[in-house]
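Peer 1: I am attaching a structure below and will ask some questions about it afterwards.
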Amino acid sequence: MLVSFLFLLLISDEVHCEQNCSYQDVLNYLNLSGNNELYSMTRPVKNYKNPTQVSLEVLLYAILDVVEKDQKFIPYVWTVTRWNNEHISWDPNQFCGIDNVSLPSEILWKPDLTIEEMTEKDKAPPSPYLTINNKGDVEVQNDQVLVSTCMMHTYKFPFDIQSCNLTFKSIIHTAREIRLQPSDNSSEATEWSREVMRTQYEWLFINMTVTANNASELSDQDIIIYTITMERRSLLYIVNFLLPVLFFLCLDLASFMISDYGGEKLSFKVTVLLAITVLQLILNEILPSSSNQVPLIATYCIVVFALMMLSLLETIFVMYLREKGSRETQRDTHDWTQGSFNHNVSSSETGEVAPGAEEDRHNKRTGNCYTLERLSDELRAMEKLLTLFLKSKKEDKTSGYWTRVAKRVDKFFFLFYVILVLLLLILIFSEWKSD
């Protein structure tokens, strides 16, 4: 009978416990409130010589933006910070099995972790709550949009791989007070980040490397470095930039088939050159001006621009040679024609004006004889004109020297231009693809 009574009493106590246990009971037991300075004012250790062990976990949720011009890296990360508060502990059995409680984050002391590369304060509000368990372990989870600085290596843009660091450390506490350590290794951080990744902008996430730099002296600070490595998706830049420049270069090569006479060829080359200049201005808005090396894409544009400029100068020189040969031919032809005309006129005037000769012919010949004489004079004049024409053709061959020089220069430069273009493009693209 007594045993049954005790059994019923135990059951009633359990039911009473289950019905009346609450989180507030735990907080009341711990005397945990916003007014209790024991929990919020100082580092939560019973002996100040004992350092607080703080573990950190970082997951990369998204790559929001990478601004090469301003050397900025903007990721969206999720951080989990854990440490132990020596003033907190309770027996879950006394509180119906309650082993963890969530409470406002401002009630408890928190480690003052910061990110060295962060250039702007996180605009997202911090998490309003944290979690504690019966052993005194405290956990804070935060999502952050970080605007951080990152040294961009744009030498192989747009086939570049960038590595940006997020360096976590305490603001004022040394290793004597806080020991900072990562809760995950590089492979785990990489795998978990890939699983939770939401967006990568124009980048492809490769891996995340976790490096813990423990202080060798207690007066120094522990540092954890998360290195995010990512590769640029280059297809858009190939289609919108590299190929158009290459197409303009092919158009410049095709312009050698345009005649040098007239200004069409020269105008065409100038138009193509201006198009390359516009693309260079667009490139200048993308690449940072503080780069230690000239990016290969800038070298690519400069080389193409220089080749087109050289081609334009060659066209001007060839047109000058052709114009020079044409002017000499026109001048010589004009002189020969003028001389022939003067000779013919003088012969005609001599035959018509000399009264003594006309009177003699009239006396010696009559009728048909006079007509034959005039025909003979005209034949002699035609013979002289024919002689001058043949001489003019011979001189024309001599005056076409500059035209032949222009043709040879044009042909030689075209072969040289094609070979130079192929060599330079092979060198640049091989450098792009090299490790």
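Every chain in the structure tokens has a letter given in the order shown (A, B, ...), and although residue numbers restart at 1 in each chain, ligands are simply numbered from 1 in the order shown.
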Contacts of Gln53 of chain A at 8 Å or less, counting only C-alpha atoms, minus same-chain residues fewer than 4 places along, as a list in words?
Peer 2: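 So the residues in contact are Trp83, Asn84, Ile178, Arg179, Leu180 and Gln181 of chain A.
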Peer 1: Write to file, as a short mmCIF file (atom, residue, chain, number, x, y, z; two decimals), in the first residue's frame, the residues of the selection just made, with all heavy atoms.
Peer 2:
data_model
loop_
_atom_site.label_atom_id
_atom_site.label_comp_id
_atom_site.auth_asym_id
_atom_site.auth_seq_id
_atom_site.Cartn_x
_atom_site.Cartn_y
_atom_site.Cartn_z
N TRP A 83 31.31 29.96 -27.51
CA TRP A 83 32.24 30.06 -26.38
C TRP A 83 31.53 29.53 -25.14
O TRP A 83 30.33 29.21 -25.17
CB TRP A 83 32.71 31.49 -26.18
CG TRP A 83 31.66 32.45 -25.72
CD1 TRP A 83 31.38 32.83 -24.44
CD2 TRP A 83 30.72 33.16 -26.56
NE1 TRP A 83 30.34 33.71 -24.40
CE2 TRP A 83 29.92 33.95 -25.70
CE3 TRP A 83 30.48 33.23 -27.93
CZ2 TRP A 83 28.89 34.77 -26.16
CZ3 TRP A 83 29.47 34.04 -28.40
CH2 TRP A 83 28.70 34.79 -27.52
N ASN A 84 32.25 29.44 -24.05
CA ASN A 84 31.69 28.91 -22.82
C ASN A 84 31.63 30.00 -21.76
O ASN A 84 32.58 30.75 -21.55
CB ASN A 84 32.53 27.74 -22.30
CG ASN A 84 31.94 27.10 -21.06
OD1 ASN A 84 32.31 27.44 -19.93
ND2 ASN A 84 31.03 26.15 -21.28
N ILE A 178 41.58 35.71 -24.88
CA ILE A 178 40.73 34.98 -25.83
C ILE A 178 41.61 34.11 -26.72
O ILE A 178 42.57 34.61 -27.34
CB ILE A 178 39.90 35.95 -26.70
CG1 ILE A 178 38.78 36.59 -25.87
CG2 ILE A 178 39.29 35.22 -27.89
CD1 ILE A 178 37.88 37.51 -26.66
N ARG A 179 41.29 32.85 -26.78
CA ARG A 179 41.94 31.93 -27.73
C ARG A 179 40.93 31.61 -28.82
O ARG A 179 39.87 31.04 -28.58
CB ARG A 179 42.36 30.64 -27.02
CG ARG A 179 43.30 30.82 -25.85
CD ARG A 179 44.59 31.50 -26.23
NE ARG A 179 45.30 30.82 -27.31
CZ ARG A 179 46.59 31.00 -27.58
NH1 ARG A 179 47.31 31.84 -26.84
NH2 ARG A 179 47.16 30.38 -28.58
N LEU A 180 41.28 32.04 -30.02
CA LEU A 180 40.36 31.92 -31.16
C LEU A 180 40.78 30.75 -32.03
O LEU A 180 41.97 30.61 -32.39
CB LEU A 180 40.38 33.23 -31.96
CG LEU A 180 39.38 33.38 -33.11
CD1 LEU A 180 37.96 33.30 -32.59
CD2 LEU A 180 39.61 34.70 -33.84
N GLN A 181 39.82 29.92 -32.40
CA GLN A 181 40.12 28.75 -33.22
C GLN A 181 38.93 28.44 -34.13
O GLN A 181 37.78 28.70 -33.77
CB GLN A 181 40.43 27.53 -32.35
CG GLN A 181 39.31 27.17 -31.38
CD GLN A 181 39.69 26.08 -30.41
OE1 GLN A 181 40.81 25.59 -30.43
NE2 GLN A 181 38.74 25.69 -29.57
#
Peer 1: Got a sec: who's within 12 Å of segment 26-42 of chain A, counting only C-alpha atoms, leaving out chain neighbours fewer than 5 positions off, as a ChimeraX atom specification?
Peer 2: /A:20-21,47-48,52,84-112,132-134,136,138,173,177
Peer 1: Determine the nearest neighbour of Glu431 of chain A from the options A:Glu57, A:Asp160, A:Glu116, A:Glu139, counting only C-alpha atoms.
Peer 2: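 Closest to Glu431 of chain A of all the choices is A:Asp160.
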Peer 1: My list of candidates is A:Trp192, A:Tyr300, A:Phe168, A:Phe157. Which is closest to Arg232 of chain A when distances are computed with only C-alpha atoms?
Peer 2: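 With only C-alpha atoms as the atom set, the closest residue is A:Phe157.
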Peer 1: Quick one, how far is atom CA of Pro75 of chain A from atom CA of Ile161 of chain A?
Peer 2: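 Value for the atom CA of Pro75 of chain A-atom CA of Ile161 of chain A distance: 16.1 Å.
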Peer 1: Just the number, please: distance in Å from atom CA of Ser434 of chain A to atom CA of Phe159 of chain A, one decimal.
Peer 2: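 Between these atoms lies a distance of 10.2 Å.
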Peer 1: Would you compute the distance between atom CA of Tyr237 of chain A and atom CA of Thr190 of chain A? Give it in Å to one decimal.
Peer 2: 27.4 Å
Peer 1: Compile the contact shell of segment 202-214 of chain A as a short mmCIF file (atom, residue, chain, number, x, y, z; two decimals) with N, CA, C and O atoms, in the first residue's frame: residues with an atom at most 10 Å away, counting only C-alpha atoms, same-chain residues fewer than 5 positions apart removed.
Peer 2:
data_model
loop_
_atom_site.label_atom_id
_atom_site.label_comp_id
_atom_site.auth_asym_id
_atom_site.auth_seq_id
_atom_site.Cartn_x
_atom_site.Cartn_y
_atom_site.Cartn_z
N GLU A 57 32.91 29.61 -36.98
CA GLU A 57 32.56 28.88 -38.22
C GLU A 57 31.99 29.89 -39.21
O GLU A 57 31.13 30.71 -38.86
N VAL A 58 32.48 29.84 -40.45
CA VAL A 58 32.05 30.77 -41.49
C VAL A 58 31.62 29.98 -42.72
O VAL A 58 32.36 29.10 -43.19
N LEU A 59 30.43 30.29 -43.23
CA LEU A 59 29.92 29.69 -44.46
C LEU A 59 29.64 30.80 -45.47
O LEU A 59 29.11 31.85 -45.12
N LEU A 60 29.99 30.54 -46.71
CA LEU A 60 29.76 31.51 -47.77
C LEU A 60 28.42 31.20 -48.45
O LEU A 60 28.25 30.15 -49.07
N ALA A 62 26.76 33.55 -50.61
CA ALA A 62 26.64 34.15 -51.95
C ALA A 62 27.83 35.08 -52.20
O ALA A 62 28.38 35.67 -51.27
N ILE A 63 28.20 35.18 -53.47
CA ILE A 63 29.15 36.19 -53.93
C ILE A 63 28.31 37.26 -54.63
O ILE A 63 27.84 37.07 -55.75
N LEU A 64 28.10 38.36 -53.93
CA LEU A 64 27.18 39.38 -54.43
C LEU A 64 27.82 40.26 -55.50
O LEU A 64 27.17 40.61 -56.48
N ASP A 65 29.07 40.61 -55.30
CA ASP A 65 29.70 41.52 -56.28
C ASP A 65 31.21 41.51 -56.05
O ASP A 65 31.69 41.31 -54.93
N VAL A 66 31.93 41.74 -57.15
CA VAL A 66 33.38 41.97 -57.11
C VAL A 66 33.64 43.19 -57.98
O VAL A 66 33.43 43.15 -59.19
N ILE A 161 41.79 34.30 -61.78
CA ILE A 161 41.33 33.64 -60.56
C ILE A 161 41.69 34.56 -59.40
O ILE A 161 42.86 34.93 -59.23
N GLN A 162 40.70 34.91 -58.60
CA GLN A 162 40.91 35.83 -57.49
C GLN A 162 40.80 35.10 -56.16
O GLN A 162 39.99 34.19 -56.01
N SER A 163 41.62 35.54 -55.21
CA SER A 163 41.57 35.02 -53.84
C SER A 163 41.43 36.20 -52.89
O SER A 163 42.29 37.08 -52.85
N CYS A 164 40.34 36.20 -52.13
CA CYS A 164 40.07 37.29 -51.19
C CYS A 164 40.01 36.73 -49.78
O CYS A 164 39.43 35.66 -49.54
N ASN A 165 40.60 37.47 -48.84
CA ASN A 165 40.70 37.03 -47.45
C ASN A 165 39.66 37.72 -46.57
O ASN A 165 39.33 38.89 -46.77
N LEU A 166 39.18 36.96 -45.59
CA LEU A 166 38.38 37.50 -44.49
C LEU A 166 39.12 37.13 -43.21
O LEU A 166 39.14 35.96 -42.81
N THR A 167 39.73 38.12 -42.57
CA THR A 167 40.58 37.88 -41.41
C THR A 167 39.82 38.26 -40.14
O THR A 167 39.49 39.43 -39.94
N PHE A 168 39.56 37.26 -39.29
CA PHE A 168 38.83 37.48 -38.05
C PHE A 168 39.82 37.54 -36.88
O PHE A 168 40.73 36.71 -36.76
N ALA A 175 45.79 37.06 -26.74
CA ALA A 175 45.72 35.60 -26.58
C ALA A 175 45.67 35.21 -25.11
O ALA A 175 45.26 34.09 -24.77
N ARG A 179 41.29 32.85 -26.78
CA ARG A 179 41.94 31.93 -27.73
C ARG A 179 40.93 31.61 -28.82
O ARG A 179 39.87 31.04 -28.58
N LEU A 180 41.28 32.04 -30.02
CA LEU A 180 40.36 31.92 -31.16
C LEU A 180 40.78 30.75 -32.03
O LEU A 180 41.97 30.61 -32.39
N GLN A 181 39.82 29.92 -32.40
CA GLN A 181 40.12 28.75 -33.22
C GLN A 181 38.93 28.44 -34.13
O GLN A 181 37.78 28.70 -33.77
N PRO A 182 39.21 27.90 -35.34
CA PRO A 182 38.11 27.54 -36.25
C PRO A 182 37.47 26.23 -35.83
O PRO A 182 38.13 25.33 -35.30
N SER A 183 36.19 26.13 -36.06
CA SER A 183 35.47 24.90 -35.73
C SER A 183 35.38 23.95 -36.91
O SER A 183 34.86 22.84 -36.77
N ASP A 184 35.85 24.36 -38.07
CA ASP A 184 35.83 23.49 -39.25
C ASP A 184 37.13 23.66 -40.01
O ASP A 184 37.83 24.68 -39.90
N ASN A 185 37.48 22.65 -40.80
CA ASN A 185 38.69 22.74 -41.61
C ASN A 185 38.34 23.20 -43.02
O ASN A 185 37.18 23.49 -43.33
N SER A 186 39.35 23.27 -43.90
CA SER A 186 39.15 23.83 -45.24
C SER A 186 38.19 22.99 -46.07
O SER A 186 37.31 23.54 -46.76
N SER A 187 38.32 21.67 -46.03
CA SER A 187 37.45 20.81 -46.85
C SER A 187 36.00 20.91 -46.39
O SER A 187 35.08 20.95 -47.21
N GLU A 188 35.77 20.93 -45.08
CA GLU A 188 34.41 21.05 -44.57
C GLU A 188 33.80 22.40 -44.91
O GLU A 188 32.63 22.50 -45.33
N ALA A 189 34.58 23.47 -44.76
CA ALA A 189 34.08 24.81 -45.09
C ALA A 189 33.73 24.91 -46.57
O ALA A 189 32.72 25.51 -46.95
N THR A 190 34.57 24.31 -47.42
CA THR A 190 34.31 24.35 -48.86
C THR A 190 33.05 23.57 -49.21
O THR A 190 32.19 24.03 -49.97
N GLU A 191 32.93 22.36 -48.66
CA GLU A 191 31.77 21.50 -48.97
C GLU A 191 30.47 22.13 -48.49
O GLU A 191 29.46 22.16 -49.22
N TRP A 192 30.46 22.64 -47.28
CA TRP A 192 29.24 23.22 -46.74
C TRP A 192 28.87 24.51 -47.47
O TRP A 192 27.69 24.79 -47.68
N SER A 193 29.87 25.29 -47.86
CA SER A 193 29.58 26.52 -48.60
C SER A 193 28.98 26.21 -49.97
O SER A 193 28.07 26.91 -50.44
N ARG A 194 29.45 25.15 -50.61
CA ARG A 194 28.88 24.77 -51.90
C ARG A 194 27.43 24.31 -51.74
O ARG A 194 26.60 24.56 -52.62
N MET A 197 25.32 27.55 -51.13
CA MET A 197 25.54 28.68 -52.05
C MET A 197 24.24 29.03 -52.79
O MET A 197 23.59 28.17 -53.37
N ASP A 220 50.15 38.79 -28.09
CA ASP A 220 49.64 38.90 -29.46
C ASP A 220 48.19 38.41 -29.52
O ASP A 220 47.61 38.05 -28.50
N GLN A 221 47.66 38.35 -30.74
CA GLN A 221 46.27 37.93 -30.92
C GLN A 221 46.19 36.73 -31.85
O GLN A 221 46.98 36.60 -32.80
N ASP A 222 45.24 35.86 -31.55
CA ASP A 222 44.93 34.76 -32.47
C ASP A 222 44.16 35.31 -33.67
O ASP A 222 43.31 36.20 -33.53
N ILE A 223 44.46 34.76 -34.84
CA ILE A 223 43.84 35.23 -36.08
C ILE A 223 43.38 34.01 -36.87
O ILE A 223 44.09 33.00 -36.97
N ILE A 224 42.18 34.11 -37.44
CA ILE A 224 41.68 33.09 -38.37
C ILE A 224 41.44 33.75 -39.72
O ILE A 224 40.73 34.76 -39.80
N ILE A 225 42.03 33.17 -40.77
CA ILE A 225 41.92 33.74 -42.12
C ILE A 225 41.13 32.77 -42.99
O ILE A 225 41.53 31.60 -43.17
N TYR A 226 40.02 33.25 -43.53
CA TYR A 226 39.23 32.49 -44.50
C TYR A 226 39.54 33.05 -45.89
O TYR A 226 39.24 34.22 -46.17
N THR A 227 40.15 32.22 -46.72
CA THR A 227 40.53 32.63 -48.07
C THR A 227 39.54 32.05 -49.06
O THR A 227 39.45 30.82 -49.22
N ILE A 228 38.82 32.92 -49.72
CA ILE A 228 37.80 32.50 -50.70
C ILE A 228 38.41 32.62 -52.09
O ILE A 228 38.81 33.71 -52.52
N THR A 229 38.51 31.51 -52.79
CA THR A 229 39.07 31.46 -54.13
C THR A 229 37.96 31.27 -55.15
O THR A 229 37.11 30.39 -54.98
N MET A 230 37.98 32.10 -56.19
CA MET A 230 36.90 32.06 -57.18
C MET A 230 37.48 32.36 -58.57
O MET A 230 38.49 33.06 -58.71
N GLU A 231 36.81 31.83 -59.56
CA GLU A 231 37.25 32.00 -60.96
C GLU A 231 36.17 32.76 -61.72
O GLU A 231 34.98 32.50 -61.58
N ARG A 232 36.62 33.69 -62.55
CA ARG A 232 35.68 34.51 -63.31
C ARG A 232 35.07 33.72 -64.47
O ARG A 232 35.77 32.95 -65.15
N ARG A 233 33.79 33.92 -64.70
CA ARG A 233 33.14 33.34 -65.89
C ARG A 233 33.44 34.27 -67.06
O ARG A 233 32.91 35.38 -67.14
N SER A 234 34.28 33.83 -67.97
CA SER A 234 34.84 34.71 -68.99
C SER A 234 34.06 34.74 -70.30
O SER A 234 34.40 35.50 -71.20
N LEU A 235 33.02 33.92 -70.43
CA LEU A 235 32.33 33.80 -71.72
C LEU A 235 31.77 35.15 -72.18
O LEU A 235 31.88 35.52 -73.36
N LEU A 236 31.16 35.89 -71.26
CA LEU A 236 30.55 37.17 -71.63
C LEU A 236 31.59 38.15 -72.15
O LEU A 236 31.34 38.89 -73.10
#
